[in-house]
>>> print(open('coords.csv').read())   # CSV, C-alpha atoms and all ligand atoms
chain,number,residue,atom,x,y,z
A,1,MET,CA,16.6,-3.9,-1.5
A,2,SER,CA,17.4,-2.0,1.7
A,3,GLU,CA,15.2,-2.0,4.8
A,4,ASN,CA,13.2,1.2,5.3
A,5,GLY,CA,13.0,0.7,9.1
A,6,HIS,CA,9.2,0.3,9.1
A,7,VAL,CA,7.9,-2.3,11.5
A,8,PRO,CA,4.3,-3.6,11.4
A,9,SER,CA,2.1,-2.4,14.3
A,10,HIS,CA,-0.7,-4.9,13.5
A,11,ILE,CA,0.0,-8.4,12.2
A,12,ALA,CA,-2.8,-10.7,11.1
A,13,ILE,CA,-2.2,-14.4,10.6
A,14,ILE,CA,-4.0,-17.2,8.6
A,15,MET,CA,-2.7,-20.2,10.5
A,16,ASP,CA,-3.0,-22.8,7.8
A,17,GLY,CA,-1.4,-26.2,7.2
A,18,ASN,CA,-2.2,-28.0,10.5
A,19,GLY,CA,-3.8,-30.9,8.7
A,20,ARG,CA,-0.9,-31.3,6.2
A,21,TRP,CA,1.7,-31.1,9.0
A,22,ALA,CA,-0.1,-34.0,10.7
A,23,ARG,CA,-0.6,-36.1,7.5
A,24,ARG,CA,3.1,-35.8,6.6
A,25,ARG,CA,3.9,-37.4,9.9
A,26,GLY,CA,1.3,-40.1,9.6
A,27,LEU,CA,-0.7,-38.5,12.4
A,28,VAL,CA,-4.4,-37.6,12.6
A,29,ARG,CA,-5.3,-34.0,11.6
A,30,ILE,CA,-6.2,-33.2,15.2
A,31,ARG,CA,-2.6,-33.6,16.2
A,32,GLY,CA,-1.7,-30.8,13.8
A,33,HIS,CA,-4.2,-28.5,15.6
A,34,ARG,CA,-2.8,-29.5,19.0
A,35,GLU,CA,0.7,-28.6,17.8
A,36,GLY,CA,-0.7,-25.4,16.3
A,37,VAL,CA,-1.6,-24.2,19.8
A,38,GLU,CA,2.1,-24.2,20.7
A,39,SER,CA,2.8,-21.9,17.7
A,40,VAL,CA,-0.1,-19.6,18.9
A,41,ARG,CA,1.6,-19.5,22.3
A,42,GLU,CA,5.1,-18.8,21.0
A,43,ILE,CA,4.1,-16.2,18.4
A,44,THR,CA,1.7,-14.3,20.8
A,45,ARG,CA,4.5,-14.1,23.4
A,46,GLU,CA,7.0,-12.9,20.8
A,47,CYS,CA,4.7,-10.3,19.4
A,48,ALA,CA,3.8,-9.0,22.8
A,49,LYS,CA,7.6,-8.7,23.6
A,50,ARG,CA,8.1,-6.7,20.4
A,51,HIS,CA,5.4,-4.3,21.6
A,52,LEU,CA,3.2,-4.9,18.5
A,53,GLN,CA,0.0,-3.0,18.8
A,54,GLN,CA,-2.1,-5.9,17.7
A,55,LEU,CA,-2.0,-9.6,16.6
A,56,THR,CA,-5.1,-11.0,14.9
A,57,LEU,CA,-5.4,-14.7,14.5
A,58,TYR,CA,-7.8,-16.5,12.2
A,59,ALA,CA,-8.7,-19.3,14.7
A,60,PHE,CA,-12.0,-20.5,13.3
A,61,SER,CA,-13.8,-19.4,10.1
A,62,GLN,CA,-17.5,-19.6,9.4
A,63,GLU,CA,-16.5,-22.1,6.7
A,64,ASN,CA,-14.8,-24.3,9.3
A,65,TRP,CA,-18.2,-25.6,10.5
A,66,LYS,CA,-18.2,-27.8,7.3
A,67,ARG,CA,-15.5,-30.0,8.8
A,68,PRO,CA,-16.3,-33.3,10.4
A,69,LYS,CA,-18.0,-32.8,13.8
A,70,ARG,CA,-15.2,-34.5,15.6
A,71,GLU,CA,-12.6,-32.0,14.3
A,72,VAL,CA,-14.9,-29.0,15.0
A,73,ASN,CA,-15.5,-30.3,18.6
A,74,LEU,CA,-11.7,-30.7,19.1
A,75,LEU,CA,-11.0,-27.2,17.8
A,76,MET,CA,-13.6,-25.8,20.2
A,77,LYS,CA,-12.0,-27.8,23.1
A,78,LEU,CA,-8.5,-26.5,22.2
A,79,LEU,CA,-9.8,-23.0,22.1
A,80,LYS,CA,-11.6,-23.3,25.5
A,81,ASP,CA,-8.5,-24.9,27.1
A,82,PHE,CA,-6.3,-22.2,25.6
A,83,LEU,CA,-8.5,-19.5,27.0
A,84,ILE,CA,-8.4,-21.0,30.5
A,85,ARG,CA,-4.7,-22.0,30.5
A,86,GLU,CA,-3.3,-18.8,29.0
A,87,ARG,CA,-5.0,-16.4,31.5
A,88,ASP,CA,-1.8,-16.0,33.6
A,89,GLU,CA,0.4,-15.6,30.6
A,90,ILE,CA,-1.9,-13.0,29.1
A,91,GLU,CA,-1.8,-11.1,32.3
A,92,GLU,CA,2.0,-11.4,32.7
A,93,ASN,CA,2.5,-10.0,29.2
A,94,ASN,CA,-0.1,-7.2,29.7
A,95,VAL,CA,-2.1,-8.5,26.7
A,96,ARG,CA,-5.7,-7.4,26.1
A,97,LEU,CA,-7.8,-10.2,24.6
A,98,THR,CA,-10.6,-9.4,22.1
A,99,ALA,CA,-12.6,-11.3,19.6
A,100,ILE,CA,-14.3,-10.7,16.2
A,101,GLY,CA,-16.8,-12.8,14.4
A,102,ARG,CA,-20.3,-14.1,15.2
A,103,ILE,CA,-19.4,-14.9,18.7
A,104,ASP,CA,-23.0,-15.8,19.7
A,105,GLY,CA,-22.8,-18.8,17.3
A,106,LEU,CA,-20.0,-20.4,19.3
A,107,PRO,CA,-20.7,-23.2,21.9
A,108,GLU,CA,-21.9,-21.6,25.2
A,109,ASP,CA,-19.0,-22.9,27.2
A,110,VAL,CA,-16.5,-21.3,24.8
A,111,GLN,CA,-18.5,-18.1,24.9
A,112,ARG,CA,-18.3,-18.1,28.7
A,113,GLU,CA,-14.6,-18.6,28.9
A,114,LEU,CA,-14.0,-16.1,26.2
A,115,ALA,CA,-16.1,-13.5,28.1
A,116,ILE,CA,-14.1,-14.2,31.3
A,117,SER,CA,-10.7,-13.8,29.5
A,118,ILE,CA,-11.8,-10.6,27.7
A,119,ASP,CA,-13.2,-9.1,30.9
A,120,GLU,CA,-10.1,-10.1,33.0
A,121,SER,CA,-7.7,-8.6,30.5
A,122,LYS,CA,-9.7,-5.5,29.6
A,123,ASN,CA,-7.5,-3.0,31.5
A,124,ASN,CA,-4.2,-4.4,30.2
A,125,THR,CA,-2.4,-1.8,28.2
A,126,GLY,CA,0.0,-3.8,26.0
A,127,MET,CA,-0.6,-5.7,22.8
A,128,VAL,CA,-4.2,-6.6,21.7
A,129,LEU,CA,-4.6,-10.3,20.9
A,130,CYS,CA,-7.7,-10.5,18.7
A,131,LEU,CA,-9.1,-14.0,17.9
A,132,ALA,CA,-11.3,-14.3,14.8
A,133,LEU,CA,-13.9,-16.9,15.8
A,134,ASN,CA,-16.8,-18.0,13.7
A,135,TYR,CA,-15.5,-15.2,11.5
A,136,GLY,CA,-16.3,-14.4,7.8
A,137,GLY,CA,-15.2,-11.3,6.0
A,138,ARG,CA,-18.4,-11.1,3.9
A,139,SER,CA,-20.6,-11.7,6.9
A,140,GLU,CA,-18.8,-8.9,8.7
A,141,ILE,CA,-19.7,-6.5,5.9
A,142,VAL,CA,-23.3,-7.8,5.8
A,143,ASP,CA,-23.7,-7.4,9.5
A,144,ALA,CA,-22.4,-3.8,9.2
A,145,ALA,CA,-24.8,-3.1,6.4
A,146,LYS,CA,-27.7,-4.4,8.4
A,147,ASN,CA,-26.8,-2.3,11.4
A,148,ILE,CA,-26.5,0.8,9.2
A,149,ALA,CA,-29.9,0.1,7.8
A,150,ARG,CA,-31.3,-0.2,11.3
A,151,SER,CA,-29.7,3.1,12.3
A,152,ILE,CA,-31.2,4.8,9.2
A,153,THR,CA,-34.7,3.2,9.9
A,154,ALA,CA,-34.5,4.5,13.4
A,155,GLY,CA,-33.8,8.0,12.1
A,156,LYS,CA,-30.3,8.1,13.8
A,157,MET,CA,-28.4,8.3,10.5
A,158,GLY,CA,-29.0,9.6,7.0
A,159,ILE,CA,-28.0,7.8,3.7
A,160,GLU,CA,-25.6,10.6,2.8
A,161,GLU,CA,-23.7,10.0,6.1
A,162,ILE,CA,-22.6,6.5,4.8
A,163,THR,CA,-18.9,7.0,4.0
A,164,GLU,CA,-15.9,4.7,4.3
A,165,GLU,CA,-15.2,6.3,7.7
A,166,THR,CA,-18.7,5.8,9.1
A,167,PHE,CA,-19.0,2.3,7.5
A,168,LYS,CA,-15.9,1.3,9.4
A,169,LYS,CA,-17.6,2.2,12.7
A,170,PHE,CA,-20.1,-0.6,12.1
A,171,LEU,CA,-17.5,-3.3,11.5
A,172,TYR,CA,-16.4,-5.8,14.2
A,173,THR,CA,-13.0,-4.1,13.9
A,174,SER,CA,-14.3,-0.5,14.5
A,175,GLU,CA,-11.9,0.1,17.3
A,176,MET,CA,-8.9,-1.4,15.6
A,177,THR,CA,-6.4,-0.3,13.0
A,178,ASP,CA,-6.1,-2.2,9.7
A,179,PRO,CA,-3.5,-4.9,9.6
A,180,ASP,CA,-0.1,-3.8,8.2
A,181,LEU,CA,1.0,-7.3,7.4
A,182,LEU,CA,-0.8,-10.5,6.7
A,183,ILE,CA,1.1,-13.8,7.2
A,184,ARG,CA,-0.3,-16.9,5.7
A,185,THR,CA,1.3,-20.3,6.5
A,186,GLY,CA,0.9,-23.5,4.5
A,187,GLY,CA,1.7,-21.9,1.1
A,188,ASP,CA,-1.7,-21.1,-0.3
A,189,MET,CA,-2.0,-17.7,-2.0
A,190,ARG,CA,-5.5,-16.9,-0.8
A,191,ILE,CA,-7.3,-14.5,1.6
A,192,SER,CA,-10.0,-17.0,2.5
A,193,ASN,CA,-12.7,-14.5,3.5
A,194,PHE,CA,-10.5,-13.0,6.2
A,195,LEU,CA,-10.7,-9.2,7.0
A,196,LEU,CA,-11.9,-8.3,3.5
A,197,TRP,CA,-12.6,-4.7,4.3
A,198,GLU,CA,-9.6,-4.2,6.5
A,199,MET,CA,-6.9,-5.7,4.2
A,200,SER,CA,-7.3,-3.3,1.3
A,201,TYR,CA,-3.7,-2.1,1.7
A,202,THR,CA,-2.2,-4.9,3.9
A,203,GLU,CA,1.2,-6.3,2.8
A,204,LEU,CA,0.9,-10.1,2.2
A,205,TRP,CA,3.5,-12.6,3.1
A,206,VAL,CA,3.0,-16.3,2.4
A,207,THR,CA,5.3,-19.0,3.6
A,208,PRO,CA,5.2,-22.8,2.8
A,209,VAL,CA,6.0,-23.5,6.4
A,210,CYS,CA,2.9,-25.2,8.1
A,211,TRP,CA,1.5,-23.4,11.2
A,212,PRO,CA,2.7,-26.0,13.7
A,213,ASP,CA,6.3,-25.4,12.5
A,214,PHE,CA,6.0,-21.7,12.5
A,215,ARG,CA,8.4,-20.2,15.1
A,216,LYS,CA,10.0,-16.9,16.1
A,217,ARG,CA,12.6,-17.1,13.3
A,218,HIS,CA,9.8,-17.2,10.7
A,219,LEU,CA,8.1,-14.3,12.3
A,220,GLU,CA,11.4,-12.4,12.2
A,221,GLU,CA,11.7,-13.2,8.5
A,222,ALA,CA,8.2,-11.9,7.7
A,223,ILE,CA,8.9,-8.6,9.7
A,224,LYS,CA,12.2,-8.2,7.9
A,225,GLU,CA,10.6,-8.6,4.5
A,226,PHE,CA,7.9,-6.1,5.5
A,227,SER,CA,10.5,-3.6,6.4
A,228,ARG,CA,11.9,-3.9,2.8
A,229,ARG,CA,8.5,-3.2,1.2
A,230,GLU,CA,7.6,0.3,0.0
A,231,ARG,CA,4.0,1.1,0.9
A,232,ARG,CA,2.5,3.7,-1.4
A,233,PHE,CA,-1.3,3.3,-0.6
A,234,GLY,CA,-2.0,4.0,-4.2
A,235,GLY,CA,0.1,7.2,-4.3
A,236,LEU,CA,3.7,7.7,-5.5
A,237,GLN,CA,7.0,7.2,-3.8
A,238,GLU,CA,8.0,10.3,-1.9
B,301,LIG,C1,-6.0,-24.5,9.4
B,301,LIG,O1,-5.3,-25.7,9.2
B,301,LIG,C2,-6.2,-24.3,10.8
B,301,LIG,C3,-7.4,-24.2,11.5
B,301,LIG,C4,-8.7,-24.3,10.7
B,301,LIG,C5,-7.5,-23.9,12.9
B,301,LIG,C6,-6.5,-23.1,13.6
B,301,LIG,C7,-6.5,-23.4,15.0
B,301,LIG,C8,-5.5,-23.6,15.9
B,301,LIG,C9,-4.1,-23.3,15.5
B,301,LIG,C10,-5.7,-24.0,17.3
B,301,LIG,C11,-6.7,-23.3,18.1
B,301,LIG,C12,-6.5,-21.8,18.1
B,301,LIG,C13,-6.3,-21.1,19.2
B,301,LIG,C14,-6.2,-19.6,19.1
B,301,LIG,C15,-5.9,-21.6,20.5
B,301,LIG,P1,-6.0,-26.8,8.2
B,301,LIG,O2,-6.6,-27.9,9.1
B,301,LIG,O3,-6.9,-26.2,7.3
B,301,LIG,O4,-4.7,-27.4,7.5
B,301,LIG,P2,-4.6,-28.1,6.1
B,301,LIG,O5,-4.9,-27.0,5.1
B,301,LIG,O6,-3.2,-28.6,6.0
B,301,LIG,O7,-5.7,-29.2,6.0
>>> encode(input="coords.csv", output="structure tokens")
Amino acid sequence: MSENGHVPSHIAIIMDGNGRWARRRGLVRIRGHREGVESVREITRECAKRHLQQLTLYAFSQENWKRPKREVNLLMKLLKDFLIRERDEIEENNVRLTAIGRIDGLPEDVQRELAISIDESKNNTGMVLCLALNYGGRSEIVDAAKNIARSITAGKMGIEEITEETFKKFLYTSEMTDPDLLIRTGGDMRISNFLLWEMSYTELWVTPVCWPDFRKRHLEEAIKEFSRRERRFGGLQE
């Protein structure tokens, strides 16, 4: 198949396989997450260089709270350290940081560092780096429905005004475009409650490579494969 020249503007990533990466090396799971931060760094830098409009990373799902407390605490610490340490790099690459999810459910120190990074980068005009934190796709839809109900109860909106377009305005992702490409590492063929509304027409690309091993060359492979796909959005080929 030939390439059609399309490049994705918005890539979303399910960064899976950190635990398996560690286990295969006889290491504790936490080591996999630590190495995973290196992949976050490299892939963010690479996507910013390629002038992607947005990179959305599934960093912590609502379901992840079910993990042992020690692992959850370490993930929160890695996140906090990342937010503090990467501020200069975010600035140098003109990246604007945002977050989606139930942010008020995160530990206060993480919320604080996140707010600082978001505020410091708010005027940057390059790629948007969106971290999905304490995120669940069904919760996002439920939260939107509740806010729509509140608007209706307050007399600001009528039931007939609920359309796909107005619904979108109540999602965490109201200001964002839908992802063009979803990359999932670690080989599982699942969406795992990620961006359920937004991924209706997203191209899916799954690799067996575990997230800590995911590098620039894998990203290039995914983008190349995307450029070969024909996106019809339910219509016919032109
Ligand atoms: C899934 O691997 C990965 C996660 C639950 C966390 C991802 C977090 C990071 C890469 C580090 C922190 C993030 C940022 C943005 C600094 P898994 O543990 O489910 O792997 P397994 O399926 O092999 O067990």
>>> residues_near_ligand(input="coords.csv", ligand="ligand LIG 301 (chain B)", cutoff="10 Å", atoms="only C-alpha atoms and all ligand atoms", output="PyMOL selection string")
chain A and resi 14-24+29-41+44+56-61+63-65+67+71-72+74-83+86+129-133+185-188+210-212
>>> write_last_selection(input="coords.csv", atoms="C-alpha atoms", output="PDB file, in the coordinates of the input")
ATOM      1  CA  ILE A  14      -4.000 -17.200   8.600  1.00  0.00           C
ATOM      2  CA  MET A  15      -2.700 -20.200  10.500  1.00  0.00           C
ATOM      3  CA  ASP A  16      -3.000 -22.800   7.800  1.00  0.00           C
ATOM      4  CA  GLY A  17      -1.400 -26.200   7.200  1.00  0.00           C
ATOM      5  CA  ASN A  18      -2.200 -28.000  10.500  1.00  0.00           C
ATOM      6  CA  GLY A  19      -3.800 -30.900   8.700  1.00  0.00           C
ATOM      7  CA  ARG A  20      -0.900 -31.300   6.200  1.00  0.00           C
ATOM      8  CA  TRP A  21       1.700 -31.100   9.000  1.00  0.00           C
ATOM      9  CA  ALA A  22      -0.100 -34.000  10.700  1.00  0.00           C
ATOM     10  CA  ARG A  23      -0.600 -36.100   7.500  1.00  0.00           C
ATOM     11  CA  ARG A  24       3.100 -35.800   6.600  1.00  0.00           C
ATOM     12  CA  ARG A  29      -5.300 -34.000  11.600  1.00  0.00           C
ATOM     13  CA  ILE A  30      -6.200 -33.200  15.200  1.00  0.00           C
ATOM     14  CA  ARG A  31      -2.600 -33.600  16.200  1.00  0.00           C
ATOM     15  CA  GLY A  32      -1.700 -30.800  13.800  1.00  0.00           C
ATOM     16  CA  HIS A  33      -4.200 -28.500  15.600  1.00  0.00           C
ATOM     17  CA  ARG A  34      -2.800 -29.500  19.000  1.00  0.00           C
ATOM     18  CA  GLU A  35       0.700 -28.600  17.800  1.00  0.00           C
ATOM     19  CA  GLY A  36      -0.700 -25.400  16.300  1.00  0.00           C
ATOM     20  CA  VAL A  37      -1.600 -24.200  19.800  1.00  0.00           C
ATOM     21  CA  GLU A  38       2.100 -24.200  20.700  1.00  0.00           C
ATOM     22  CA  SER A  39       2.800 -21.900  17.700  1.00  0.00           C
ATOM     23  CA  VAL A  40      -0.100 -19.600  18.900  1.00  0.00           C
ATOM     24  CA  ARG A  41       1.600 -19.500  22.300  1.00  0.00           C
ATOM     25  CA  THR A  44       1.700 -14.300  20.800  1.00  0.00           C
ATOM     26  CA  THR A  56      -5.100 -11.000  14.900  1.00  0.00           C
ATOM     27  CA  LEU A  57      -5.400 -14.700  14.500  1.00  0.00           C
ATOM     28  CA  TYR A  58      -7.800 -16.500  12.200  1.00  0.00           C
ATOM     29  CA  ALA A  59      -8.700 -19.300  14.700  1.00  0.00           C
ATOM     30  CA  PHE A  60     -12.000 -20.500  13.300  1.00  0.00           C
ATOM     31  CA  SER A  61     -13.800 -19.400  10.100  1.00  0.00           C
ATOM     32  CA  GLU A  63     -16.500 -22.100   6.700  1.00  0.00           C
ATOM     33  CA  ASN A  64     -14.800 -24.300   9.300  1.00  0.00           C
ATOM     34  CA  TRP A  65     -18.200 -25.600  10.500  1.00  0.00           C
ATOM     35  CA  ARG A  67     -15.500 -30.000   8.800  1.00  0.00           C
ATOM     36  CA  GLU A  71     -12.600 -32.000  14.300  1.00  0.00           C
ATOM     37  CA  VAL A  72     -14.900 -29.000  15.000  1.00  0.00           C
ATOM     38  CA  LEU A  74     -11.700 -30.700  19.100  1.00  0.00           C
ATOM     39  CA  LEU A  75     -11.000 -27.200  17.800  1.00  0.00           C
ATOM     40  CA  MET A  76     -13.600 -25.800  20.200  1.00  0.00           C
ATOM     41  CA  LYS A  77     -12.000 -27.800  23.100  1.00  0.00           C
ATOM     42  CA  LEU A  78      -8.500 -26.500  22.200  1.00  0.00           C
ATOM     43  CA  LEU A  79      -9.800 -23.000  22.100  1.00  0.00           C
ATOM     44  CA  LYS A  80     -11.600 -23.300  25.500  1.00  0.00           C
ATOM     45  CA  ASP A  81      -8.500 -24.900  27.100  1.00  0.00           C
ATOM     46  CA  PHE A  82      -6.300 -22.200  25.600  1.00  0.00           C
ATOM     47  CA  LEU A  83      -8.500 -19.500  27.000  1.00  0.00           C
ATOM     48  CA  GLU A  86      -3.300 -18.800  29.000  1.00  0.00           C
ATOM     49  CA  LEU A 129      -4.600 -10.300  20.900  1.00  0.00           C
ATOM     50  CA  CYS A 130      -7.700 -10.500  18.700  1.00  0.00           C
ATOM     51  CA  LEU A 131      -9.100 -14.000  17.900  1.00  0.00           C
ATOM     52  CA  ALA A 132     -11.300 -14.300  14.800  1.00  0.00           C
ATOM     53  CA  LEU A 133     -13.900 -16.900  15.800  1.00  0.00           C
ATOM     54  CA  THR A 185       1.300 -20.300   6.500  1.00  0.00           C
ATOM     55  CA  GLY A 186       0.900 -23.500   4.500  1.00  0.00           C
ATOM     56  CA  GLY A 187       1.700 -21.900   1.100  1.00  0.00           C
ATOM     57  CA  ASP A 188      -1.700 -21.100  -0.300  1.00  0.00           C
ATOM     58  CA  CYS A 210       2.900 -25.200   8.100  1.00  0.00           C
ATOM     59  CA  TRP A 211       1.500 -23.400  11.200  1.00  0.00           C
ATOM     60  CA  PRO A 212       2.700 -26.000  13.700  1.00  0.00           C
TER      61      PRO A 212
END
>>> closest_atom_pairs(input="coords.csv", of="segment 22-121 of chain A", to="segment 166-171 of chain A", cutoff="12 Å", atoms="all atoms listed in the file", output="Markdown table")
| residue | atom | partner | partner_atom | distance |
| --- | --- | --- | --- | --- |
| A:Ile100 | CA | A:Leu171 | CA | 9.3 |
| A:Gly101 | CA | A:Leu171 | CA | 10.0 |
| A:Arg102 | CA | A:Leu171 | CA | 11.8 |
>>> closest_residue(input="coords.csv", among="A:Leu97, A:Val206, A:Met199, A:Leu55", to="Glu225 of chain A", atoms="all atoms listed in the file")
A:Val206
>>> closest_residue(input="coords.csv", among="A:Leu204, A:Val209, A:Leu196, A:Val28", to="Ile141 of chain A", atoms="only C-alpha atoms")
A:Leu196
>>> atom_distance(input="coords.csv", atom1="atom CA of Phe226 of chain A", atom2="atom CA of Met127 of chain A")
19.3 Å
